[in-house]
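Q: So I've got this file, work.txt, and it contains compact mmCIF, C-alpha atoms and all ligand atoms:
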# COMPACT_ATOMS: atom_id res chain seq x y z
CA MET L 79 11.99 -100.48 -51.86
CA ASP L 80 10.36 -97.02 -52.26
CA SER L 81 8.89 -97.01 -48.74
CA ASN L 82 8.80 -93.20 -48.63
CA LYS L 83 5.97 -93.25 -51.21
CA ALA L 84 3.47 -94.01 -48.49
CA ARG L 85 4.78 -91.40 -46.04
CA THR L 86 3.97 -87.88 -44.94
CA VAL L 87 6.95 -85.87 -43.71
CA ALA L 88 6.84 -82.61 -41.73
CA VAL L 89 10.11 -80.66 -41.77
CA ILE L 90 10.66 -77.89 -39.19
CA GLY L 91 12.90 -75.22 -40.73
CA GLY L 92 13.49 -74.08 -44.30
CA GLY L 93 17.28 -73.64 -44.15
CA ILE L 94 19.79 -75.73 -46.06
CA ALA L 95 19.14 -78.87 -43.97
CA GLY L 96 15.35 -78.53 -44.16
CA LEU L 97 15.07 -77.83 -47.89
CA THR L 98 17.54 -80.58 -48.78
CA ALA L 99 15.68 -83.06 -46.60
CA GLY L 100 12.37 -81.94 -48.15
CA LEU L 101 13.78 -82.49 -51.62
CA CYS L 102 15.38 -85.87 -50.87
CA PHE L 103 12.16 -87.22 -49.34
CA ALA L 104 10.02 -85.81 -52.16
CA ARG L 105 12.33 -87.39 -54.75
CA THR L 106 11.62 -90.74 -53.15
CA GLY L 107 7.87 -90.20 -53.28
CA ALA L 108 7.03 -88.80 -49.82
CA LYS L 109 4.45 -86.07 -49.32
CA VAL L 110 6.51 -83.30 -47.69
CA THR L 111 5.63 -80.04 -45.94
CA VAL L 112 8.37 -77.66 -44.78
CA TYR L 113 7.42 -75.20 -42.02
CA GLU L 114 9.57 -72.06 -41.89
CA GLN L 115 9.09 -69.41 -39.23
CA ALA L 116 10.35 -66.51 -41.38
CA ASP L 117 7.98 -64.60 -43.65
CA GLU L 118 10.05 -65.63 -46.65
CA LEU L 119 12.96 -67.93 -47.33
CA LYS L 120 15.88 -65.58 -47.00
CA GLU L 121 19.49 -65.57 -45.95
CA VAL L 122 21.84 -62.94 -44.63
CA GLY L 123 24.16 -61.58 -47.28
CA ALA L 124 27.06 -63.97 -46.91
CA GLY L 125 28.87 -66.69 -48.80
CA LEU L 126 29.07 -70.42 -48.28
CA GLN L 127 31.66 -72.94 -49.42
CA VAL L 128 30.16 -76.13 -50.77
CA THR L 129 32.96 -78.65 -50.69
CA PRO L 130 33.12 -81.79 -52.92
CA ASN L 131 31.28 -83.95 -50.35
CA GLY L 132 28.37 -81.47 -50.32
CA ALA L 133 28.57 -81.13 -54.11
CA ALA L 134 28.04 -84.90 -54.37
CA VAL L 135 24.57 -84.43 -52.83
CA LEU L 136 23.74 -81.59 -55.24
CA ARG L 137 24.84 -83.79 -58.13
CA GLY L 138 22.84 -86.73 -56.76
CA LEU L 139 19.77 -84.49 -56.78
CA GLY L 140 20.38 -83.50 -60.41
CA LEU L 141 21.31 -79.91 -59.46
CA ASP L 142 24.82 -79.86 -60.91
CA GLY L 143 23.94 -77.57 -63.82
CA GLU L 144 22.21 -75.01 -61.60
CA ALA L 145 25.05 -75.25 -59.08
CA ASP L 146 27.50 -74.34 -61.85
CA ARG L 147 25.30 -71.43 -62.92
CA LEU L 148 25.00 -69.97 -59.42
CA GLY L 149 28.26 -71.07 -57.81
CA LEU L 150 31.85 -70.29 -58.66
CA ARG L 151 34.25 -73.22 -58.99
CA ALA L 152 37.18 -72.78 -56.60
CA ARG L 153 40.71 -72.84 -57.95
CA ASN L 154 43.41 -72.20 -55.34
CA LEU L 155 43.56 -71.95 -51.58
CA THR L 156 46.30 -69.63 -50.35
CA PRO L 157 47.25 -69.36 -46.67
CA ILE L 158 48.82 -65.96 -46.02
CA ASP L 159 50.73 -64.51 -43.06
CA ALA L 160 48.33 -61.68 -42.21
CA VAL L 161 51.05 -59.71 -40.43
CA SER L 162 53.68 -59.66 -43.19
CA GLY L 163 51.19 -60.13 -46.05
CA ARG L 164 53.37 -62.92 -47.51
CA PRO L 165 51.68 -66.00 -49.03
CA ILE L 166 52.85 -69.13 -47.22
CA ALA L 167 51.81 -71.71 -49.82
CA ARG L 168 49.29 -72.23 -52.60
CA PHE L 169 47.16 -75.35 -52.95
CA ASP L 170 45.35 -76.20 -56.17
CA LEU L 171 41.82 -77.23 -55.14
CA THR L 172 41.02 -78.58 -58.61
CA ARG L 173 43.46 -81.40 -57.77
CA LEU L 174 41.14 -82.69 -55.10
CA GLY L 175 39.46 -84.64 -57.92
CA GLY L 176 35.88 -85.86 -57.80
CA GLU L 177 33.15 -83.28 -57.38
CA PRO L 178 33.85 -79.54 -57.72
CA TYR L 179 34.54 -77.24 -54.77
CA ARG L 180 32.26 -74.21 -55.19
CA PHE L 181 31.61 -70.83 -53.59
CA PHE L 182 27.97 -69.69 -53.34
CA HIS L 183 26.09 -66.76 -52.05
CA ARG L 184 23.89 -68.39 -49.41
CA ALA L 185 20.73 -66.84 -50.89
CA ASP L 186 21.56 -68.45 -54.26
CA LEU L 187 22.03 -71.90 -52.74
CA LEU L 188 18.82 -71.57 -50.76
CA GLY L 189 16.99 -70.37 -53.90
CA LEU L 190 18.33 -73.30 -55.91
CA LEU L 191 17.04 -75.78 -53.31
CA ALA L 192 13.68 -73.98 -52.94
CA THR L 193 13.09 -74.02 -56.71
CA ALA L 194 13.88 -77.73 -56.86
CA CYS L 195 11.52 -78.34 -53.91
CA ASP L 196 8.72 -76.47 -55.71
CA ALA L 197 9.25 -78.53 -58.85
CA GLU L 198 9.04 -81.71 -56.79
CA GLY L 199 5.77 -80.73 -55.08
CA VAL L 200 7.22 -79.95 -51.64
CA ARG L 201 4.84 -77.62 -49.78
CA ILE L 202 6.81 -74.80 -48.18
CA VAL L 203 4.77 -72.89 -45.60
CA THR L 204 6.34 -69.61 -44.46
CA SER L 205 5.35 -67.56 -41.37
CA ALA L 206 4.86 -70.96 -39.75
CA ARG L 207 6.60 -71.07 -36.40
CA ILE L 208 6.55 -74.46 -34.71
CA GLU L 209 6.03 -74.05 -30.98
CA SER L 210 6.40 -77.67 -29.96
CA ALA L 211 6.98 -81.11 -31.39
CA ASP L 212 6.61 -84.53 -29.86
CA PRO L 213 8.58 -87.61 -30.83
CA ASP L 214 5.44 -89.44 -31.91
CA GLY L 215 4.83 -87.24 -34.91
CA GLN L 216 2.71 -84.30 -33.77
CA ILE L 217 3.81 -80.70 -34.13
CA THR L 218 2.05 -77.58 -32.87
CA LEU L 219 2.21 -74.29 -34.72
CA ALA L 220 2.16 -70.85 -33.12
CA GLY L 221 -1.56 -70.14 -32.89
CA GLY L 222 -2.28 -73.67 -31.73
CA ALA L 223 -2.97 -75.64 -34.92
CA THR L 224 -1.58 -79.17 -34.80
CA VAL L 225 -0.26 -81.36 -37.60
CA ARG L 226 0.51 -85.06 -37.53
CA ALA L 227 3.00 -86.71 -39.88
CA ASP L 228 4.57 -90.15 -40.31
CA LEU L 229 7.97 -88.53 -39.79
CA VAL L 230 8.96 -85.21 -38.20
CA LEU L 231 12.39 -83.73 -38.97
CA GLY L 232 13.89 -80.96 -36.85
CA ALA L 233 16.03 -78.93 -39.27
CA ASP L 234 15.54 -75.84 -37.15
CA GLY L 235 19.12 -74.90 -36.43
CA ILE L 236 20.87 -74.07 -33.20
CA HIS L 237 17.65 -72.99 -31.40
CA SER L 238 15.85 -76.20 -32.37
CA LYS L 239 12.49 -77.01 -30.76
CA LEU L 240 12.95 -80.74 -31.35
CA ARG L 241 16.50 -81.10 -30.01
CA PRO L 242 15.50 -80.50 -26.34
CA VAL L 243 12.55 -82.88 -26.69
CA LEU L 244 14.99 -85.66 -27.59
CA ASN L 245 17.82 -84.57 -25.29
CA GLY L 246 16.59 -82.34 -22.49
CA THR L 247 17.46 -78.68 -22.31
CA ASP L 248 20.95 -77.24 -22.59
CA ALA L 249 21.96 -73.71 -23.51
CA PRO L 250 24.32 -73.08 -26.44
CA PHE L 251 27.71 -71.86 -25.20
CA PHE L 252 29.86 -68.99 -26.49
CA THR L 253 32.98 -70.43 -28.16
CA GLY L 254 35.18 -67.41 -27.45
CA GLN L 255 35.17 -66.30 -31.09
CA VAL L 256 33.26 -63.64 -33.00
CA ALA L 257 32.93 -63.40 -36.79
CA TRP L 258 32.22 -60.38 -38.97
CA ARG L 259 30.61 -61.36 -42.27
CA SER L 260 30.50 -59.07 -45.29
CA VAL L 261 30.22 -59.19 -49.06
CA VAL L 262 31.93 -56.44 -51.05
CA GLN L 263 31.62 -55.56 -54.71
CA MET L 264 34.99 -55.05 -56.46
CA PRO L 265 36.12 -54.98 -60.10
CA ASN L 266 38.59 -57.88 -59.84
CA PRO L 267 38.24 -59.83 -56.60
CA PRO L 268 41.09 -62.30 -55.93
CA ALA L 269 40.11 -65.46 -57.82
CA GLU L 270 41.31 -67.73 -55.02
CA ALA L 271 40.30 -68.49 -51.45
CA GLN L 272 42.68 -66.80 -49.03
CA ILE L 273 43.17 -67.50 -45.33
CA TRP L 274 44.94 -64.60 -43.63
CA MET L 275 46.30 -65.80 -40.28
CA ALA L 276 47.49 -63.69 -37.35
CA PRO L 277 47.79 -64.30 -33.60
CA GLY L 278 44.28 -64.53 -32.13
CA GLN L 279 42.50 -63.71 -35.39
CA HIS L 280 42.10 -64.66 -39.04
CA VAL L 281 40.24 -63.60 -42.18
CA VAL L 282 38.92 -65.87 -44.93
CA THR L 283 38.05 -64.37 -48.32
CA TYR L 284 36.71 -66.00 -51.44
CA PRO L 285 35.08 -64.77 -54.66
CA LEU L 286 31.37 -65.04 -55.51
CA ILE L 287 29.73 -64.69 -58.91
CA GLY L 288 29.10 -61.07 -59.93
CA ASN L 289 32.53 -59.67 -58.98
CA ARG L 290 31.87 -59.98 -55.27
CA LEU L 291 34.21 -60.99 -52.48
CA ASN L 292 32.94 -62.80 -49.39
CA ILE L 293 34.74 -61.89 -46.17
CA VAL L 294 34.64 -63.72 -42.84
CA ALA L 295 36.86 -62.08 -40.21
CA VAL L 296 37.26 -63.92 -36.92
CA GLN L 297 38.65 -62.66 -33.63
CA GLU L 298 39.01 -64.27 -30.22
CA ARG L 299 37.04 -62.59 -27.44
CA SER L 300 36.58 -63.54 -23.85
CA GLU L 301 32.85 -62.82 -23.79
CA TRP L 302 29.83 -61.99 -25.89
CA ALA L 303 28.04 -59.05 -24.34
CA ALA L 304 25.37 -58.36 -26.94
CA GLU L 305 21.81 -59.45 -26.32
CA GLY L 306 21.27 -61.14 -29.67
CA TRP L 307 23.33 -63.65 -31.69
CA ASN L 308 24.34 -61.18 -34.37
CA PHE L 309 23.93 -57.48 -35.08
CA PHE L 310 24.98 -54.84 -37.58
CA ASP L 311 28.41 -53.57 -36.60
CA SER L 312 30.33 -50.60 -37.87
CA PRO L 313 32.95 -51.34 -40.57
CA GLU L 314 35.33 -49.10 -38.60
CA VAL L 315 35.22 -51.53 -35.67
CA LEU L 316 36.11 -54.40 -38.01
CA GLN L 317 38.88 -52.39 -39.64
CA ALA L 318 40.30 -51.34 -36.25
CA ALA L 319 40.38 -54.99 -35.11
CA PHE L 320 42.76 -55.81 -38.00
CA ALA L 321 44.66 -52.49 -38.02
CA SER L 322 48.01 -54.14 -37.27
CA CYS L 323 47.71 -56.50 -40.26
CA ALA L 324 49.39 -56.17 -43.68
CA PRO L 325 48.30 -53.25 -45.92
CA ARG L 326 46.83 -55.61 -48.57
CA LEU L 327 44.42 -57.10 -46.02
CA ARG L 328 43.63 -53.67 -44.64
CA ASP L 329 42.80 -52.55 -48.21
CA ILE L 330 40.34 -55.42 -48.59
CA LEU L 331 38.69 -54.72 -45.23
CA GLY L 332 38.67 -51.01 -46.13
CA GLN L 333 36.12 -51.80 -48.88
CA VAL L 334 33.56 -53.11 -46.39
CA GLN L 335 30.51 -50.87 -46.21
CA THR L 336 28.16 -52.98 -44.13
CA THR L 337 28.95 -55.83 -41.82
CA ARG L 338 27.28 -58.05 -39.26
CA LEU L 339 29.04 -59.35 -36.20
CA TRP L 340 28.19 -62.90 -35.05
CA GLY L 341 28.92 -64.41 -31.70
CA LEU L 342 29.94 -67.99 -32.52
CA PHE L 343 27.86 -70.17 -30.23
CA ARG L 344 27.41 -73.89 -30.29
CA HIS L 345 26.06 -76.86 -28.40
CA PRO L 346 27.87 -80.09 -27.89
CA VAL L 347 26.80 -82.69 -30.47
CA ALA L 348 23.33 -83.88 -29.39
CA PRO L 349 23.53 -87.23 -27.59
CA VAL L 350 20.24 -88.38 -29.20
CA TRP L 351 19.41 -87.61 -32.85
CA ALA L 352 16.22 -89.66 -33.25
CA LYS L 353 13.38 -91.02 -31.18
CA GLY L 354 9.95 -92.42 -32.12
CA VAL L 355 9.23 -90.99 -35.57
CA SER L 356 11.28 -87.82 -35.19
CA ALA L 357 14.89 -86.92 -35.97
CA ILE L 358 17.12 -83.84 -35.94
CA LEU L 359 19.70 -82.93 -38.56
CA GLY L 360 22.13 -80.17 -39.52
CA ASP L 361 22.89 -77.54 -36.87
CA ALA L 362 19.99 -78.78 -34.73
CA ALA L 363 21.95 -82.00 -34.13
CA HIS L 364 25.60 -80.94 -34.44
CA PRO L 365 26.48 -77.26 -34.79
CA THR L 366 30.15 -76.77 -35.65
CA LEU L 367 32.58 -73.89 -35.76
CA PRO L 368 32.84 -72.58 -39.33
CA PHE L 369 36.63 -73.17 -39.59
CA LEU L 370 36.35 -76.20 -41.85
CA ALA L 371 33.31 -74.85 -43.77
CA GLN L 372 31.34 -78.02 -43.06
CA GLY L 373 28.11 -77.05 -41.25
CA ALA L 374 26.01 -76.82 -44.39
CA ASN L 375 27.90 -79.64 -46.12
CA LEU L 376 27.21 -82.03 -43.25
CA ALA L 377 23.56 -80.91 -43.33
CA LEU L 378 23.38 -81.85 -47.04
CA GLU L 379 24.78 -85.29 -46.21
CA ASP L 380 22.45 -85.80 -43.22
CA ALA L 381 19.39 -85.04 -45.35
CA TRP L 382 20.41 -87.55 -48.01
CA VAL L 383 21.16 -90.29 -45.47
CA LEU L 384 17.84 -89.85 -43.67
CA ALA L 385 15.84 -90.06 -46.90
CA ALA L 386 17.83 -93.03 -48.21
CA LEU L 387 17.54 -95.01 -44.96
CA CYS L 388 13.81 -94.34 -44.63
CA ASN L 389 13.21 -95.24 -48.27
CA ARG L 390 14.88 -98.63 -47.81
CA SER L 391 12.99 -99.51 -44.69
CA SER L 392 9.34 -100.35 -44.20
CA SER L 393 9.58 -98.97 -40.65
CA VAL L 394 10.66 -95.41 -39.81
CA ASP L 395 11.81 -96.74 -36.45
CA ASP L 396 14.29 -99.15 -38.08
CA ALA L 397 15.61 -96.47 -40.39
CA LEU L 398 16.09 -93.90 -37.63
CA SER L 399 17.88 -96.37 -35.39
CA ARG L 400 20.66 -96.56 -38.01
CA TYR L 401 20.82 -92.84 -38.80
CA GLN L 402 22.92 -91.61 -35.89
CA SER L 403 25.34 -94.55 -35.91
CA ILE L 404 26.07 -93.93 -39.61
CA ARG L 405 26.49 -90.17 -39.26
CA ALA L 406 27.94 -89.51 -35.80
CA PRO L 407 31.58 -90.68 -36.28
CA ARG L 408 32.03 -88.60 -39.43
CA VAL L 409 30.40 -85.54 -37.89
CA ALA L 410 32.57 -85.87 -34.75
CA ARG L 411 35.73 -85.99 -36.88
CA ALA L 412 34.70 -82.89 -38.84
CA ILE L 413 33.98 -81.00 -35.62
CA ARG L 414 37.36 -82.03 -34.12
CA THR L 415 39.13 -80.84 -37.27
CA ALA L 416 37.26 -77.50 -37.26
CA ASN L 417 38.16 -76.99 -33.58
CA ALA L 418 41.82 -77.72 -34.36
CA ASN L 419 41.76 -75.17 -37.19
CA ALA L 420 40.44 -72.59 -34.71
CA VAL L 421 43.69 -73.07 -32.77
CA ASN L 422 46.05 -73.47 -35.74
CA TYR L 423 44.87 -70.33 -37.56
CA HIS L 424 45.48 -68.17 -34.46
CA LEU L 425 48.93 -69.35 -33.29
CA SER L 426 51.50 -66.92 -31.97
CA GLY L 427 55.23 -66.95 -31.18
CA LEU L 428 57.36 -70.01 -31.90
CA LYS L 429 54.38 -72.25 -32.60
CA ARG L 430 53.30 -69.85 -35.34
CA THR L 431 56.78 -69.82 -36.91
CA ALA L 432 57.00 -73.61 -36.79
CA ALA L 433 53.50 -74.06 -38.28
CA GLN L 434 54.26 -71.65 -41.12
CA THR L 435 57.56 -73.40 -41.88
CA GLY L 436 55.74 -76.74 -42.02
CA LEU L 437 53.03 -75.40 -44.32
CA ARG L 438 55.57 -73.66 -46.57
CA THR L 439 57.62 -76.85 -46.92
CA LEU L 440 54.55 -78.96 -47.63
CA GLY L 441 53.35 -76.43 -50.21
CA ALA L 442 56.75 -76.44 -51.93
CA VAL L 443 57.60 -80.13 -51.95
CA ALA L 444 54.33 -82.06 -51.57
CA PRO L 445 51.21 -79.93 -52.10
CA ASN L 446 49.20 -83.03 -53.00
CA LEU L 447 50.08 -84.57 -49.64
CA PHE L 448 48.46 -81.58 -47.94
CA LEU L 449 45.27 -82.06 -49.97
CA ARG L 450 45.25 -85.86 -49.47
CA ARG L 451 44.95 -85.24 -45.71
CA PHE L 452 41.36 -84.23 -46.46
CA ASP L 453 40.44 -87.25 -48.58
CA TRP L 454 38.27 -88.62 -45.74
CA LEU L 455 36.25 -85.40 -45.84
CA TYR L 456 36.07 -84.24 -49.44
CA GLY L 457 36.40 -87.65 -51.10
CA TYR L 458 33.33 -89.04 -49.35
CA ASP L 459 30.36 -89.46 -51.69
CA VAL L 460 27.27 -90.29 -49.66
CA THR L 461 25.20 -90.80 -52.82
CA LYS L 462 27.39 -93.79 -53.78
CA GLU L 463 27.61 -95.11 -50.23
CA LEU L 464 23.84 -95.06 -49.77
CA PRO L 465 21.79 -94.53 -52.96
CA LEU L 466 18.38 -92.89 -52.44
CA ARG L 467 16.57 -95.72 -54.23
C1 LIG Z 1 30.58 -67.28 -40.17
C2 LIG Z 1 30.02 -68.58 -40.69
C3 LIG Z 1 30.48 -69.10 -41.89
C4 LIG Z 1 30.03 -70.33 -42.35
N1 LIG Z 1 30.52 -70.85 -43.51
C5 LIG Z 1 30.15 -72.08 -43.91
C6 LIG Z 1 30.65 -72.65 -45.13
O1 LIG Z 1 31.42 -72.01 -45.87
N2 LIG Z 1 30.27 -73.91 -45.48
C7 LIG Z 1 29.40 -74.64 -44.67
O2 LIG Z 1 29.12 -75.79 -45.03
N3 LIG Z 1 28.89 -74.13 -43.55
C8 LIG Z 1 29.23 -72.87 -43.15
N4 LIG Z 1 28.69 -72.35 -42.02
C9 LIG Z 1 27.72 -73.16 -41.24
C10 LIG Z 1 26.36 -73.15 -41.88
O3 LIG Z 1 25.92 -71.83 -42.07
C11 LIG Z 1 25.35 -73.88 -40.98
O4 LIG Z 1 25.90 -75.07 -40.51
C12 LIG Z 1 24.10 -74.20 -41.81
O5 LIG Z 1 23.48 -73.02 -42.24
C13 LIG Z 1 23.12 -75.02 -40.96
O6 LIG Z 1 21.95 -75.21 -41.71
P1 LIG Z 1 20.62 -75.67 -40.98
O7 LIG Z 1 19.61 -75.74 -42.07
O8 LIG Z 1 20.90 -76.87 -40.15
O9 LIG Z 1 20.28 -74.51 -39.94
P2 LIG Z 1 19.88 -72.99 -40.21
O10 LIG Z 1 20.61 -72.44 -41.37
O11 LIG Z 1 20.01 -72.30 -38.90
O12 LIG Z 1 18.34 -73.05 -40.62
C14 LIG Z 1 17.32 -73.30 -39.67
C15 LIG Z 1 16.00 -72.79 -40.24
O13 LIG Z 1 14.95 -73.16 -39.36
C16 LIG Z 1 14.10 -72.06 -39.13
N5 LIG Z 1 13.49 -72.25 -37.81
C17 LIG Z 1 14.12 -72.23 -36.60
N6 LIG Z 1 13.25 -72.46 -35.61
C18 LIG Z 1 12.04 -72.66 -36.20
C19 LIG Z 1 10.75 -72.95 -35.69
N7 LIG Z 1 10.52 -73.09 -34.38
N8 LIG Z 1 9.72 -73.09 -36.58
C20 LIG Z 1 9.92 -72.97 -37.92
N9 LIG Z 1 11.14 -72.66 -38.44
C21 LIG Z 1 12.18 -72.52 -37.59
C22 LIG Z 1 15.04 -70.86 -39.20
O14 LIG Z 1 14.33 -69.65 -39.47
C23 LIG Z 1 15.96 -71.27 -40.34
O15 LIG Z 1 15.45 -70.91 -41.61
C24 LIG Z 1 29.09 -71.09 -41.57
C25 LIG Z 1 28.58 -70.54 -40.38
C26 LIG Z 1 29.03 -69.30 -39.94
C27 LIG Z 1 28.48 -68.73 -38.65
As structure tokens, please, write out the structure in this file.
A:
Amino acid sequence: MDSNKARTVAVIGGGIAGLTAGLCFARTGAKVTVYEQADELKEVGAGLQVTPNGAAVLRGLGLDGEADRLGLRARNLTPIDAVSGRPIARFDLTRLGGEPYRFFHRADLLGLLATACDAEGVRIVTSARIESADPDGQITLAGGATVRADLVLGADGIHSKLRPVLNGTDAPFFTGQVAWRSVVQMPNPPAEAQIWMAPGQHVVTYPLIGNRLNIVAVQERSEWAAEGWNFFDSPEVLQAAFASCAPRLRDILGQVQTTRLWGLFRHPVAPVWAKGVSAILGDAAHPTLPFLAQGANLALEDAWVLAALCNRSSSVDDALSRYQSIRAPRVARAIRTANANAVNYHLSGLKRTAAQTGLRTLGAVAPNLFLRRFDWLYGYDVTKELPLR
């Protein structure tokens, strides 16, 4: 139907959700402007797993070749007992089938999307902080300038300006977990993703291109006392937090030279995702704990769905009324699964022994069965379900 051809779209936020939405709308003919508050499009030095469902969107946008150049295809996933250092099982991620599972540096993924946006004529305005947005299509920039568009998308993350306009105000809550994130350079980083699990804490590592290892180390804490959401922490504090773990993990953490500590905060899923000619997507609509590596992947899917629905409909209103009902059940399931992982990774006592025995048995006798449990997540290809054109 190509209805987007006649539309102007204003996107608040130049993160993964915003750039993907900008690109999807531009590919279907819309005139898109992305407003990003930062002086440049940049990302903290950390990795990101793009799972097959997110890869389907990259492929749908013709970015497969670049994704292979900048991302590393995942091979195995190995859960490890972080106390004894013993691997519990090994799962071959290439057996998932379908699209590849890749590891990216976040800056590379953002750069890939920004370059594609440029090539498609998306206007990306940096140093452009949106102060307010109304559901009827007007946004106000810091400084007072106003812009009107046929569609306004809030891809502005957990501190979204548009989310409270659609839902009323609520403060993000501390989830009781903190995460240190680091990237270390090493001659031969482990070629697989590893999940090191110990009571009350876990560490995920995976390789990035350029002989780098991405490290996310998570610990339960009763409160977050810092004033900001994340800050530079000392590597010694990180190393001390995992001092009772196996020497091999301590060696890896011993290589960390700089690290940032994040308080993991989130909102409940927003009750309302769209109103008038405005909609929220990505973390603005449904922030999730990172324990299923789906926040960015769900954002990629949201962006595609919004553009496809709008392109098939002569009225933005009609398209937006379907958006949340299509997306919400899948997002809720992903969030439930991530929350369950938060518990399962940190078990102690008998529950921990029983869980490890179960995982070991599954890994030995039916590794494919373990992977098939995620078919609903990784096997979903939104580009086939809902083509852009
Ligand atoms: C430790 C950790 C590990 C993770 N690992 C993974 C992973 O492996 N895989 C995965 O899929 N997800 C992962 N995630 C989640 C993922 O990072 C987020 O879900 C994803 O970045 C959300 O993208 P977004 O574009 O919605 O929001 P954001 O990335 O927050 O982007 C929002 C953008 O909007 C801009 N902005 C905000 N307010 C305004 C304003 N008023 N005006 C203009 N611009 C504004 C911001 O500057 C920012 O650029 C992880 C998260 C954490 C904390």
Q: What does the structure give for the distance between atom CA of Phe310 of chain L and atom CA of Thr337 of chain L, in Å to one decimal?
A: 5.9 Å
Q: Taking all listed atoms of ligand LIG 1 (chain Z), build the axis-aligned box, pad each of the six sides by 8 Å, then write its centre and edge lengths in Å to one decimal as AutoDock Vina command-line options.
A:
--center_x 20.6 --center_y -72.1 --center_z -40.1 --size_x 37.7 --size_y 25.6 --size_z 27.5
Q: Quick one: contact table of chain L to ligand LIG 1 (chain Z), 6 Å max, nearest atom pair and distance in Å to one decimal per residue, counting all atoms listed in the file, chain and number order, as a tab-separated table?
A:
residue	atom	partner	partner_atom	distance
L:Ile90	CA	Z:LIG1	C20	5.1
L:Gly91	CA	Z:LIG1	O13	3.2
L:Gly92	CA	Z:LIG1	O15	4.6
L:Gly93	CA	Z:LIG1	O12	3.7
L:Ile94	CA	Z:LIG1	O7	4.0
L:Ala95	CA	Z:LIG1	O7	3.7
L:Gly96	CA	Z:LIG1	O7	5.5
L:Tyr113	CA	Z:LIG1	C20	5.3
L:Glu114	CA	Z:LIG1	N9	3.8
L:Gln115	CA	Z:LIG1	C20	3.9
L:Ala116	CA	Z:LIG1	O14	5.4
L:Leu126	CA	Z:LIG1	O1	3.7
L:Gln127	CA	Z:LIG1	O1	3.7
L:Val128	CA	Z:LIG1	N2	5.7
L:Ala206	CA	Z:LIG1	C20	5.7
L:Arg207	CA	Z:LIG1	N8	3.7
L:Ile208	CA	Z:LIG1	N8	3.9
L:Glu209	CA	Z:LIG1	N7	5.7
L:Ala233	CA	Z:LIG1	O8	5.4
L:Asp234	CA	Z:LIG1	O13	3.5
L:Gly235	CA	Z:LIG1	O11	3.7
L:Ser238	CA	Z:LIG1	N6	5.6
L:Lys239	CA	Z:LIG1	N7	5.7
L:Ala257	CA	Z:LIG1	C1	5.7
L:Gly360	CA	Z:LIG1	O8	3.6
L:Asp361	CA	Z:LIG1	O8	3.9
L:Ala362	CA	Z:LIG1	O8	5.8
L:Pro368	CA	Z:LIG1	C24	4.6
L:Ala371	CA	Z:LIG1	N2	3.6
L:Gln372	CA	Z:LIG1	O2	3.7
L:Gly373	CA	Z:LIG1	O4	3.1
L:Ala374	CA	Z:LIG1	O2	3.3
L:Asn375	CA	Z:LIG1	O2	4.2
L:Ala377	CA	Z:LIG1	O8	5.8
Q: Identify which of the residues L:Ala295, L:Leu191, L:Leu387, L:Leu342 lies closest to Leu136 of chain L, counting only C-alpha atoms when measuring atom-to-atom distances.
A: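 Smallest distance to Leu136 of chain L is found for L:Leu191.
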Q: Have a look at atom CA of Asn419 of chain L and atom CA of His280 of chain L and let me know their distance in Å, one decimal.
A: 10.7 Å
Q: Produce a table with one row for each residue of segment 322-390 of chain L that has an atom at most 10 Å from any atom of segment 140-159 of chain L, each row naming the nearest atom pair and its distance in Å at one decimal; use all atoms listed in the file; arrange rows by chain and rising residue number; format as JSON lines.
A:
{"residue": "L:Cys323", "atom": "CA", "partner": "L:Asp159", "partner_atom": "CA", "distance": 9.0}
{"residue": "L:Ala324", "atom": "CA", "partner": "L:Asp159", "partner_atom": "CA", "distance": 8.5}
{"residue": "L:Leu327", "atom": "CA", "partner": "L:Ile158", "partner_atom": "CA", "distance": 9.9}
Q: Please output segment 115-122 of chain L, rebuilt to include N, CA and C atoms, as a compact mmCIF listing (two decimals), in the coordinates of the input.
A:
# COMPACT_ATOMS: atom_id res chain seq x y z
N GLN L 115 9.64 -70.49 -40.06
CA GLN L 115 9.09 -69.41 -39.23
C GLN L 115 9.18 -68.03 -39.90
N ALA L 116 10.18 -67.83 -40.76
CA ALA L 116 10.35 -66.51 -41.38
C ALA L 116 9.25 -66.25 -42.40
N ASP L 117 9.03 -64.96 -42.70
CA ASP L 117 7.98 -64.60 -43.65
C ASP L 117 8.33 -65.02 -45.07
N GLU L 118 9.61 -65.13 -45.34
CA GLU L 118 10.05 -65.63 -46.65
C GLU L 118 11.35 -66.37 -46.44
N LEU L 119 11.69 -67.22 -47.43
CA LEU L 119 12.96 -67.93 -47.33
C LEU L 119 14.05 -66.92 -47.67
N LYS L 120 14.86 -66.57 -46.69
CA LYS L 120 15.88 -65.58 -47.00
C LYS L 120 17.13 -65.89 -46.18
N GLU L 121 18.21 -65.32 -46.60
CA GLU L 121 19.49 -65.57 -45.95
C GLU L 121 20.21 -64.26 -45.79
N VAL L 122 21.03 -64.15 -44.75
CA VAL L 122 21.84 -62.94 -44.63
C VAL L 122 22.83 -62.91 -45.79
